[in-house]
Amino acid sequence: MALPRWFDGDVGYSFRHSTLAIAAAAVALTCVICAVFAGWIAPHNPFDLTTLELGDARLPPAWSEQGSAKYLLGTDDQGRDILSALMYGSRISLAVGFTSVALSVLIGVSLGLLAGFYGGWVDTVLMRLCDVMLSFPPILVALLIAGVGRALFPNAQDALAFAVLIVSITLTGWVQYARTVRGSTLVERGKEYVQAARVTGVSPFRIMRRHVLPNVTGPVLVLATIQVATAIITEATLSFLGVGAPPTSPSLGTLIRVGNDYLFSGEWWITVFPGLMLVIIALSVNLLGDWLRDALNPRLQ
Amino acid sequence: MIFKKNTTVALVGYALAAMSFVASAQTLRISNQGDATSMDPHSLNESMQLSITGNVYEGLVGRNKDLSLAPALATRWTQPSPNVWRFELRKGVQFHDGTPFTADDVLFSFARASGDGSDMKSYTNDVKEVRKINDLTVEIETKAPFPILPDVISLLYIMSKKWCETNQATKPVDRRKGVENAASFRANGTGPYRLRERQPGVKTSFSRNGSYWGTIESNATDVVFTPISNDATRVAALLSGEIDVMEPVPVQDVVRVNASANARAITGPELRTIFLGMDQKRDELLYSSVKGKNPFKDKRVRQAFYQAIDIDTIKRVVMRGASNPTALMVGPGINGFFPELNKRLPFDTEAAKKLLAEAGYPNGFEVAMNCPNDRYVNDGEICQAVAANLSRIGVKINLQAETKGTYFPKVLRRDTSFYMLGWTPGTYDAHNALNGVLACVDDKGTGQFNLGAYCNPKVDELTRKIQSETDKVKRNAMIKEAFELHSADIGHIPLHQQALAWGVSKKVNLVQLADNFMFFKWMTVQK
């Protein structure tokens, strides 16, 4: 596959020589590890309501006067350990981010390939659909889908709430991939190797998958990396607005919203730490995406 | 903004004598954490909505600042026979559109409030007939002797018959069924303020009724009501002088508001009782993992829920001390509150677990819980704390905390298994809670807010007797007995009486009413 080859060659070289990329990758990896292994690393389980001590609510971080060593970064309004909530919360944020980007890539790349390869009315219909999607601000579309989802399943369980969240971010994110892939496919379609494949009687789907797809993955990879950060922020925004993750299993956005009410009342840590966490995740992933774009751009080499 | 304000001040200063009539234009800006769901006075029996519409509409009987009865659209009421009340209507009153107010409007309003789609039926369920004697006299005949009728109808506001007919608003707005009409967005009452513009969820503005029949103490010529749901934003708006009066001050900000130069927090006990209700009627809960039976029909389950809730910690942490845990469905200040009955079952997780196991749920079960998150003080947070408490006995709560605009229609349709509600008896008498919240449900209005359909025929019988009884001692003994029965049944789970906390600019003088009603006519703004 393409990925290992890049890392052996120019891309790997560029990575080894970019301090920023290494640092960003290290931070992102740490966040991912903390999130994935939250169940083992985190001192408490903030989603397990049976362990919440309401009496310990709104304790400041351990280094302040009233802080407790039990809760390093303090507790929120329900007695959740902020540090643990950050780990579990970023797990939700990352899971929602990666899943929705993976789904957007799947939808966007397939439709983009179809549109670019076949052209004609297929292209027209799909691209007009993209235009329509692009004319709405993504957060508005996500809000609409989340709202409709909630109206359809008024007494939804937690799992369904996450599904609605993922679907709404996916459906707003796929357009960019479709556009990018269509553009690259239009270019590749006219090249000799594709003509050759056609002449030898290879089926169109096989040509798209085996010949065109590998040659258009570069931009998609860059876009996907940057979109992960965007998706995480979209998730946080939706949760902040109260249509995302349920209050009993808060994501970073939910934590920021809850803490927002207490920000001016002196209890700053409830919102500041989740906010910082969100910045760190989004920034490191974005920097990685930035570096990848430069590394894959032949004109900069 | 600042520049503009200074300019205005300077202008007024230069031309004070000449322009004194300009300076007398005074705007009062009010905010709440939620909006009224409609301007229709018969569509939702909720204090906040009736408080807002109560500035535009009036009942036959009103209230003084100490909540005692005051003449409003009726000047005098007498009881010619035990089952009949006679009301003499005020002469020369006009609706905001200039139509004179007559007995026909009273007849119309009673029919509207007791008819299809009305949420006020629990005030009219025992009215047999409303009769017109002449243009300025009506008689209300009740099914049984009804000594407290004037108290009961004080929140039943009078609408103009002609206006409702012209505007196709003869039936109340019914949000449960999605029915809207002109009365939701426009209003034509007799009250001290006219509704000028209504933008649901954004802004509602009022202007002074120049031809009001009574005196308006307030100097406000315009009133603007803005809902601000975010606690921090609402406080910031008060402190920056963007709004003059707001409710509630978040419990974490009472000290900060009092320490500020511009505003103060006026606190006091509120008559409202916050409680939890459970569906005890359906054979299978709508939203639960238990199939084929209803766990809430078993008193042991209800008691387990009750004893699993750590109300003292909720008071200390969530309410920051601003609540009084209660065992009763009415609080101090309501006739029929007995301190000797106000003893909660102890908080005891182990006992609750045991009760649940005895009832056949050793591993608990799942149930959805409906809560508002912008109606009562820290309502969403209380529900989360309750969910955490219940998780200790194995009960998994799927919490649905939402804005009251979607929450009320849902629970009032009884589309719920487990819910939070608050209740202030509009008559300041226990009968109102017994009739509205505790009584068995019929379709006439009895038990209209008994959303879990708790039913004990003995409590019902007592409620009917309490309604007709005039001997205060006997009556109170019956109220006491009814509450004892309800407590023994654990018909509901009372939580606490919340404290009132109004944030008021130092420029504003007002009287805080213990029922949390905000009447603009009693709010004065200093220049």
# chains A, B, ... in the order shown; residues from 1 in each chain; ligands from 1

$ select_by_dssp --residues "region 7-211 of chain A" --states "alpha helix (DSSP H)" --output "compact mmCIF listing (two decimals) with C-alpha atoms, in the first residue's frame"
# COMPACT_ATOMS: atom_id res chain seq x y z
CA PHE A 7 7.10 6.83 5.29
CA ASP A 8 10.18 4.99 3.98
CA ASP A 10 10.44 11.38 1.21
CA VAL A 11 7.61 11.68 3.71
CA GLY A 12 9.44 9.73 6.36
CA TYR A 13 12.52 11.84 5.78
CA SER A 14 10.53 15.04 6.08
CA PHE A 15 8.94 13.79 9.30
CA ARG A 16 12.27 12.90 10.89
CA THR A 19 10.66 19.05 15.06
CA LEU A 20 7.21 20.55 14.92
CA ALA A 21 5.74 17.45 13.30
CA ILE A 22 7.41 15.15 15.82
CA ALA A 23 6.20 17.27 18.73
CA ALA A 24 2.66 17.47 17.34
CA ALA A 25 2.62 13.73 16.70
CA ALA A 26 3.87 13.06 20.24
CA VAL A 27 1.19 15.26 21.80
CA ALA A 28 -1.57 13.83 19.60
CA LEU A 29 -0.41 10.30 20.35
CA THR A 30 -0.39 11.02 24.08
CA CYS A 31 -3.94 12.35 23.87
CA VAL A 32 -5.06 9.31 21.89
CA ILE A 33 -3.40 6.92 24.35
CA CYS A 34 -4.92 8.74 27.35
CA ALA A 35 -8.30 8.61 25.67
CA VAL A 36 -8.14 4.99 24.52
CA ALA A 38 -8.77 6.07 29.99
CA GLY A 39 -10.35 3.10 31.72
CA TRP A 40 -6.94 2.03 33.06
CA ILE A 41 -5.14 5.35 33.46
CA ILE A 82 -11.97 16.85 35.99
CA LEU A 83 -8.80 14.97 35.01
CA SER A 84 -10.71 11.73 34.50
CA ALA A 85 -13.55 13.58 32.80
CA LEU A 86 -10.98 15.05 30.40
CA MET A 87 -9.67 11.61 29.50
CA TYR A 88 -13.10 10.06 29.08
CA GLY A 89 -14.41 13.21 27.44
CA SER A 90 -11.61 13.30 24.87
CA ARG A 91 -12.33 9.63 24.17
CA ILE A 92 -15.83 10.66 23.12
CA SER A 93 -14.49 13.63 21.20
CA LEU A 94 -11.83 11.58 19.41
CA ALA A 95 -14.14 8.64 18.75
CA VAL A 96 -16.81 10.92 17.31
CA GLY A 97 -14.15 12.84 15.37
CA PHE A 98 -12.44 9.82 13.81
CA THR A 99 -15.64 7.87 13.12
CA SER A 100 -17.36 10.78 11.44
CA VAL A 101 -14.28 11.61 9.38
CA ALA A 102 -13.90 7.96 8.33
CA LEU A 103 -17.56 7.90 7.27
CA SER A 104 -17.25 11.26 5.48
CA VAL A 105 -14.18 9.98 3.63
CA LEU A 106 -16.03 6.83 2.61
CA ILE A 107 -19.03 8.75 1.30
CA GLY A 108 -17.09 11.67 -0.12
CA VAL A 109 -14.44 9.59 -1.93
CA SER A 110 -17.00 7.18 -3.43
CA LEU A 111 -19.22 9.95 -4.72
CA GLY A 112 -16.23 11.99 -5.90
CA LEU A 113 -14.83 9.02 -7.84
CA LEU A 114 -18.21 8.34 -9.44
CA ALA A 115 -18.70 11.97 -10.40
CA GLY A 116 -15.19 12.42 -11.76
CA PHE A 117 -14.99 9.11 -13.57
CA TYR A 118 -18.38 9.06 -15.24
CA GLY A 120 -22.13 13.76 -17.48
CA TRP A 121 -25.38 13.83 -15.56
CA VAL A 122 -23.95 11.79 -12.64
CA ASP A 123 -21.36 14.52 -12.18
CA THR A 124 -23.92 17.30 -12.53
CA VAL A 125 -26.35 15.84 -10.01
CA LEU A 126 -23.68 15.05 -7.41
CA MET A 127 -21.89 18.36 -7.73
CA ARG A 128 -25.13 20.37 -7.49
CA LEU A 129 -25.87 18.40 -4.32
CA CYS A 130 -22.45 19.45 -3.04
CA ASP A 131 -23.18 23.07 -3.92
CA VAL A 132 -26.39 22.92 -1.93
CA MET A 133 -24.60 21.39 1.05
CA LEU A 134 -21.80 23.95 0.85
CA PRO A 138 -21.87 23.17 8.46
CA ILE A 139 -22.76 23.82 12.09
CA LEU A 140 -26.28 24.81 11.05
CA VAL A 141 -26.73 21.59 9.07
CA ALA A 142 -25.36 19.58 12.00
CA LEU A 143 -27.76 21.37 14.35
CA LEU A 144 -30.64 20.64 11.99
CA ILE A 145 -29.80 16.95 11.72
CA ALA A 146 -29.23 16.65 15.46
CA GLY A 147 -32.56 18.41 16.06
CA VAL A 148 -34.46 16.19 13.64
CA GLY A 149 -32.77 13.12 15.15
CA ARG A 150 -33.88 14.14 18.59
CA ALA A 151 -37.42 14.82 17.43
CA LEU A 152 -37.59 11.40 15.76
CA ASP A 158 -27.16 7.58 25.15
CA ALA A 159 -25.88 5.38 22.29
CA LEU A 160 -28.42 6.89 19.92
CA ALA A 161 -27.40 10.40 20.94
CA PHE A 162 -23.86 9.62 19.82
CA ALA A 163 -25.11 8.06 16.60
CA VAL A 164 -27.05 11.25 15.81
CA LEU A 165 -23.95 13.28 16.59
CA ILE A 166 -21.79 11.18 14.26
CA VAL A 167 -24.35 11.20 11.47
CA SER A 168 -24.77 14.97 11.65
CA ILE A 169 -21.03 15.63 11.48
CA THR A 170 -20.57 13.02 8.71
CA LEU A 171 -23.28 14.46 6.54
CA THR A 172 -21.77 17.94 6.76
CA GLY A 173 -18.19 16.77 6.18
CA TRP A 174 -18.31 14.57 3.08
CA VAL A 175 -18.69 17.37 0.55
CA GLN A 176 -15.08 18.50 0.69
CA TYR A 177 -13.79 15.00 -0.06
CA ALA A 178 -16.21 14.58 -2.93
CA ARG A 179 -15.04 17.84 -4.50
CA THR A 180 -11.33 17.13 -4.03
CA VAL A 181 -11.54 13.56 -5.31
CA ARG A 182 -13.66 14.57 -8.28
CA GLY A 183 -11.06 17.12 -9.30
CA SER A 184 -8.17 14.68 -9.07
CA THR A 185 -10.18 11.97 -10.80
CA LEU A 186 -10.94 14.27 -13.73
CA VAL A 187 -7.19 14.70 -14.18
CA GLU A 188 -6.36 11.00 -13.77
CA ARG A 189 -9.18 9.85 -16.05
CA GLU A 192 -2.63 6.89 -20.46
CA TYR A 193 -2.66 4.20 -17.78
CA VAL A 194 -6.37 4.61 -17.33
CA GLN A 195 -6.91 4.52 -21.08
CA ALA A 196 -4.78 1.38 -21.21
CA ALA A 197 -6.80 -0.27 -18.48
CA ARG A 198 -9.99 0.59 -20.32
CA VAL A 199 -8.73 -0.78 -23.60
CA PRO A 204 -14.96 0.62 -14.48
CA PHE A 205 -15.25 -0.14 -10.75
CA ARG A 206 -11.95 -1.99 -10.78

$ residues_around --residues "Asn435 (chain B)" --least-positions-apart "6" --cutoff "12 Å" --atoms "only C-alpha atoms" --output "ChimeraX atom specification"
/B:121-126,152,425-427,429,441-442,444-450,455,459-467,479,482

$ residues_around --residues "region 289-295 of chain A" --least-positions-apart "6" --cutoff "6 Å" --atoms "only C-alpha atoms" --output "PyMOL selection string"
chain A and resi 11+222+225-226

$ write_last_selection --atoms "N, CA and C atoms" --output "short mmCIF file (atom, residue, chain, number, x, y, z; two decimals), in the first residue's frame"
data_model
loop_
_atom_site.label_atom_id
_atom_site.label_comp_id
_atom_site.auth_asym_id
_atom_site.auth_seq_id
_atom_site.Cartn_x
_atom_site.Cartn_y
_atom_site.Cartn_z
N VAL A 11 8.46 11.24 2.61
CA VAL A 11 7.61 11.68 3.71
C VAL A 11 8.25 11.35 5.04
N VAL A 222 -4.49 14.41 3.56
CA VAL A 222 -4.24 15.72 4.18
C VAL A 222 -5.56 16.30 4.70
N THR A 225 -6.91 14.56 7.81
CA THR A 225 -6.22 14.89 9.06
C THR A 225 -6.74 16.22 9.62
N ILE A 226 -6.83 17.20 8.71
CA ILE A 226 -7.30 18.51 9.18
C ILE A 226 -8.77 18.42 9.61
#

$ closest_atom_pairs --of "chain B" --to "chain A" --cutoff "7 Å" --atoms "only C-alpha atoms" --output "Markdown table"
| residue | atom | partner | partner_atom | distance |
| --- | --- | --- | --- | --- |
| B:Asn230 | CA | A:Asp261 | CA | 6.9 |
| B:Asp231 | CA | A:Asp261 | CA | 5.6 |
| B:Ala232 | CA | A:Asp261 | CA | 4.9 |
| B:Gln252 | CA | A:Ser265 | CA | 6.3 |
| B:Asp253 | CA | A:Ser265 | CA | 6.0 |
| B:Thr313 | CA | A:Gly55 | CA | 6.2 |
| B:Val317 | CA | A:Gly55 | CA | 6.5 |
| B:Ala385 | CA | A:Gln78 | CA | 6.7 |
| B:Ala388 | CA | A:Leu49 | CA | 4.7 |
| B:Ser391 | CA | A:Thr50 | CA | 5.2 |
| B:Arg392 | CA | A:Thr50 | CA | 4.8 |
| B:Asn398 | CA | A:Gln157 | CA | 6.5 |

$ residues_around --residues "Asp40 (chain B)" --least-positions-apart "4" --cutoff "8 Å" --atoms "only C-alpha atoms" --output "PyMOL selection string"
chain B and resi 44+53+172-173+183-185+187

$ write_last_selection --atoms "N, CA and C atoms" --output "PDB file, in the first residue's frame"
ATOM      1  N   LEU B  44     -51.355  27.340  29.543  1.00  0.00           N
ATOM      2  CA  LEU B  44     -50.442  26.619  30.434  1.00  0.00           C
ATOM      3  C   LEU B  44     -50.582  27.185  31.836  1.00  0.00           C
ATOM      4  N   THR B  53     -48.353  36.992  31.595  1.00  0.00           N
ATOM      5  CA  THR B  53     -49.644  37.377  31.012  1.00  0.00           C
ATOM      6  C   THR B  53     -50.489  38.137  32.038  1.00  0.00           C
ATOM      7  N   PRO B 172     -58.348  27.645  23.506  1.00  0.00           N
ATOM      8  CA  PRO B 172     -56.987  27.939  23.957  1.00  0.00           C
ATOM      9  C   PRO B 172     -55.929  27.291  23.076  1.00  0.00           C
ATOM     10  N   VAL B 173     -54.774  27.940  23.070  1.00  0.00           N
ATOM     11  CA  VAL B 173     -53.587  27.373  22.435  1.00  0.00           C
ATOM     12  C   VAL B 173     -53.230  26.089  23.181  1.00  0.00           C
ATOM     13  N   ALA B 183     -53.975  34.144  19.811  1.00  0.00           N
ATOM     14  CA  ALA B 183     -53.800  34.492  21.221  1.00  0.00           C
ATOM     15  C   ALA B 183     -52.408  34.144  21.727  1.00  0.00           C
ATOM     16  N   SER B 184     -51.661  33.358  20.943  1.00  0.00           N
ATOM     17  CA  SER B 184     -50.317  33.017  21.349  1.00  0.00           C
ATOM     18  C   SER B 184     -49.370  34.183  21.131  1.00  0.00           C
ATOM     19  N   PHE B 185     -49.673  35.008  20.165  1.00  0.00           N
ATOM     20  CA  PHE B 185     -48.740  36.071  19.772  1.00  0.00           C
ATOM     21  C   PHE B 185     -49.265  37.476  20.036  1.00  0.00           C
ATOM     22  N   ALA B 187     -52.381  39.923  22.273  1.00  0.00           N
ATOM     23  CA  ALA B 187     -53.201  39.859  23.467  1.00  0.00           C
ATOM     24  C   ALA B 187     -54.079  41.091  23.546  1.00  0.00           C
TER      25      ALA B 187
END

$ residues_around --residues "Arg86 (chain B)" --least-positions-apart "2" --cutoff "9 Å" --atoms "only C-alpha atoms" --output "CSV table (one decimal) with C-alpha atoms, in the first residue's frame"
chain,number,residue,atom,x,y,z
B,76,ARG,CA,-67.6,42.9,45.2
B,77,TRP,CA,-68.5,39.2,45.7
B,78,THR,CA,-71.1,37.6,47.9
B,79,GLN,CA,-72.5,34.2,48.5
B,80,PRO,CA,-76.3,34.3,48.3
B,84,VAL,CA,-73.7,30.2,44.4
B,88,GLU,CA,-70.4,42.5,40.7
B,137,THR,CA,-73.3,41.0,37.4
B,138,VAL,CA,-72.6,37.3,37.1
B,139,GLU,CA,-73.4,34.3,39.2
B,140,ILE,CA,-71.3,31.2,39.5
B,141,GLU,CA,-73.0,28.1,40.6

$ atom_distance --atom1 "CA of Met208 (chain A)" --atom2 "CA of Gly119 (chain A)"
13.2 Å

$ closest_residue --among "B:Leu73, B:Met246, B:Val437, B:Met48" --to "Gly189 (chain B)" --atoms "only C-alpha atoms"
B:Leu73

$ select_by_dssp --residues "region 19-259 of chain B" --states "strand (DSSP E or B)" --output "VMD selection string"
chain B and resid 27 to 32 61 to 63 69 to 71 74 to 81 84 to 89 94 100 127 to 134 137 to 142 174 179 193 to 199 203 to 208 222 to 227 245 to 247

$ atom_distance --atom1 "CA of Leu155 (chain B)" --atom2 "CA of Asp35 (chain B)"
18.8 Å

$ residues_around --residues "Leu50 (chain B)" --least-positions-apart "5" --cutoff "12 Å" --atoms "only C-alpha atoms" --output "PyMOL selection string"
chain B and resi 35-45+55-59+119-120+154-157+426+515-519

$ atom_distance --atom1 "CA of Val411 (chain B)" --atom2 "CA of Lys177 (chain B)"
12.2 Å

$ residues_around --residues "Gly336 (chain B)" --least-positions-apart "2" --cutoff "7 Å" --atoms "only C-alpha atoms" --output "count of residues only"
7

$ decode --residues "region 137-215 of chain A" --atoms "C-alpha atoms" --output "mmCIF file, in the first residue's frame"
data_model
loop_
_atom_site.group_PDB
_atom_site.id
_atom_site.type_symbol
_atom_site.label_atom_id
_atom_site.label_comp_id
_atom_site.auth_asym_id
_atom_site.auth_seq_id
_atom_site.Cartn_x
_atom_site.Cartn_y
_atom_site.Cartn_z
ATOM 1 C CA PRO A 137 -22.909 26.659 7.272
ATOM 2 C CA PRO A 138 -21.869 23.168 8.459
ATOM 3 C CA ILE A 139 -22.764 23.824 12.092
ATOM 4 C CA LEU A 140 -26.279 24.811 11.054
ATOM 5 C CA VAL A 141 -26.731 21.595 9.069
ATOM 6 C CA ALA A 142 -25.358 19.582 11.996
ATOM 7 C CA LEU A 143 -27.765 21.370 14.352
ATOM 8 C CA LEU A 144 -30.643 20.636 11.990
ATOM 9 C CA ILE A 145 -29.803 16.947 11.718
ATOM 10 C CA ALA A 146 -29.228 16.647 15.456
ATOM 11 C CA GLY A 147 -32.556 18.408 16.056
ATOM 12 C CA VAL A 148 -34.462 16.185 13.636
ATOM 13 C CA GLY A 149 -32.767 13.121 15.145
ATOM 14 C CA ARG A 150 -33.880 14.143 18.592
ATOM 15 C CA ALA A 151 -37.416 14.818 17.430
ATOM 16 C CA LEU A 152 -37.590 11.400 15.759
ATOM 17 C CA PHE A 153 -36.307 9.574 18.841
ATOM 18 C CA PRO A 154 -37.516 11.751 21.709
ATOM 19 C CA ASN A 155 -36.541 9.379 24.489
ATOM 20 C CA ALA A 156 -33.282 8.286 22.907
ATOM 21 C CA GLN A 157 -30.710 6.298 24.820
ATOM 22 C CA ASP A 158 -27.159 7.575 25.145
ATOM 23 C CA ALA A 159 -25.883 5.385 22.286
ATOM 24 C CA LEU A 160 -28.418 6.888 19.924
ATOM 25 C CA ALA A 161 -27.402 10.399 20.945
ATOM 26 C CA PHE A 162 -23.857 9.622 19.823
ATOM 27 C CA ALA A 163 -25.113 8.065 16.596
ATOM 28 C CA VAL A 164 -27.054 11.250 15.809
ATOM 29 C CA LEU A 165 -23.948 13.283 16.593
ATOM 30 C CA ILE A 166 -21.785 11.177 14.257
ATOM 31 C CA VAL A 167 -24.345 11.204 11.469
ATOM 32 C CA SER A 168 -24.772 14.967 11.649
ATOM 33 C CA ILE A 169 -21.025 15.628 11.477
ATOM 34 C CA THR A 170 -20.567 13.024 8.707
ATOM 35 C CA LEU A 171 -23.278 14.465 6.540
ATOM 36 C CA THR A 172 -21.769 17.938 6.759
ATOM 37 C CA GLY A 173 -18.193 16.766 6.180
ATOM 38 C CA TRP A 174 -18.309 14.570 3.082
ATOM 39 C CA VAL A 175 -18.687 17.369 0.555
ATOM 40 C CA GLN A 176 -15.076 18.504 0.685
ATOM 41 C CA TYR A 177 -13.792 14.999 -0.061
ATOM 42 C CA ALA A 178 -16.211 14.576 -2.934
ATOM 43 C CA ARG A 179 -15.040 17.841 -4.497
ATOM 44 C CA THR A 180 -11.334 17.129 -4.027
ATOM 45 C CA VAL A 181 -11.542 13.564 -5.310
ATOM 46 C CA ARG A 182 -13.656 14.570 -8.282
ATOM 47 C CA GLY A 183 -11.058 17.124 -9.295
ATOM 48 C CA SER A 184 -8.169 14.681 -9.065
ATOM 49 C CA THR A 185 -10.178 11.969 -10.798
ATOM 50 C CA LEU A 186 -10.942 14.269 -13.735
ATOM 51 C CA VAL A 187 -7.190 14.697 -14.175
ATOM 52 C CA GLU A 188 -6.359 10.997 -13.775
ATOM 53 C CA ARG A 189 -9.182 9.854 -16.049
ATOM 54 C CA GLY A 190 -7.476 11.245 -19.124
ATOM 55 C CA LYS A 191 -4.061 9.718 -18.396
ATOM 56 C CA GLU A 192 -2.634 6.887 -20.458
ATOM 57 C CA TYR A 193 -2.659 4.201 -17.775
ATOM 58 C CA VAL A 194 -6.367 4.610 -17.329
ATOM 59 C CA GLN A 195 -6.908 4.522 -21.081
ATOM 60 C CA ALA A 196 -4.784 1.378 -21.214
ATOM 61 C CA ALA A 197 -6.802 -0.269 -18.480
ATOM 62 C CA ARG A 198 -9.987 0.593 -20.321
ATOM 63 C CA VAL A 199 -8.733 -0.783 -23.603
ATOM 64 C CA THR A 200 -7.793 -4.078 -21.966
ATOM 65 C CA GLY A 201 -11.360 -4.388 -20.749
ATOM 66 C CA VAL A 202 -10.989 -3.820 -17.010
ATOM 67 C CA SER A 203 -14.353 -3.054 -15.397
ATOM 68 C CA PRO A 204 -14.965 0.621 -14.483
ATOM 69 C CA PHE A 205 -15.245 -0.141 -10.745
ATOM 70 C CA ARG A 206 -11.946 -1.995 -10.776
ATOM 71 C CA ILE A 207 -10.289 0.894 -12.596
ATOM 72 C CA MET A 208 -11.634 3.345 -10.044
ATOM 73 C CA ARG A 209 -10.537 1.229 -7.108
ATOM 74 C CA ARG A 210 -7.183 -0.127 -8.279
ATOM 75 C CA HIS A 211 -5.925 2.593 -10.592
ATOM 76 C CA VAL A 212 -7.514 5.952 -9.875
ATOM 77 C CA LEU A 213 -8.029 5.726 -6.107
ATOM 78 C CA PRO A 214 -4.359 5.244 -5.089
ATOM 79 C CA ASN A 215 -3.437 8.286 -7.141
#
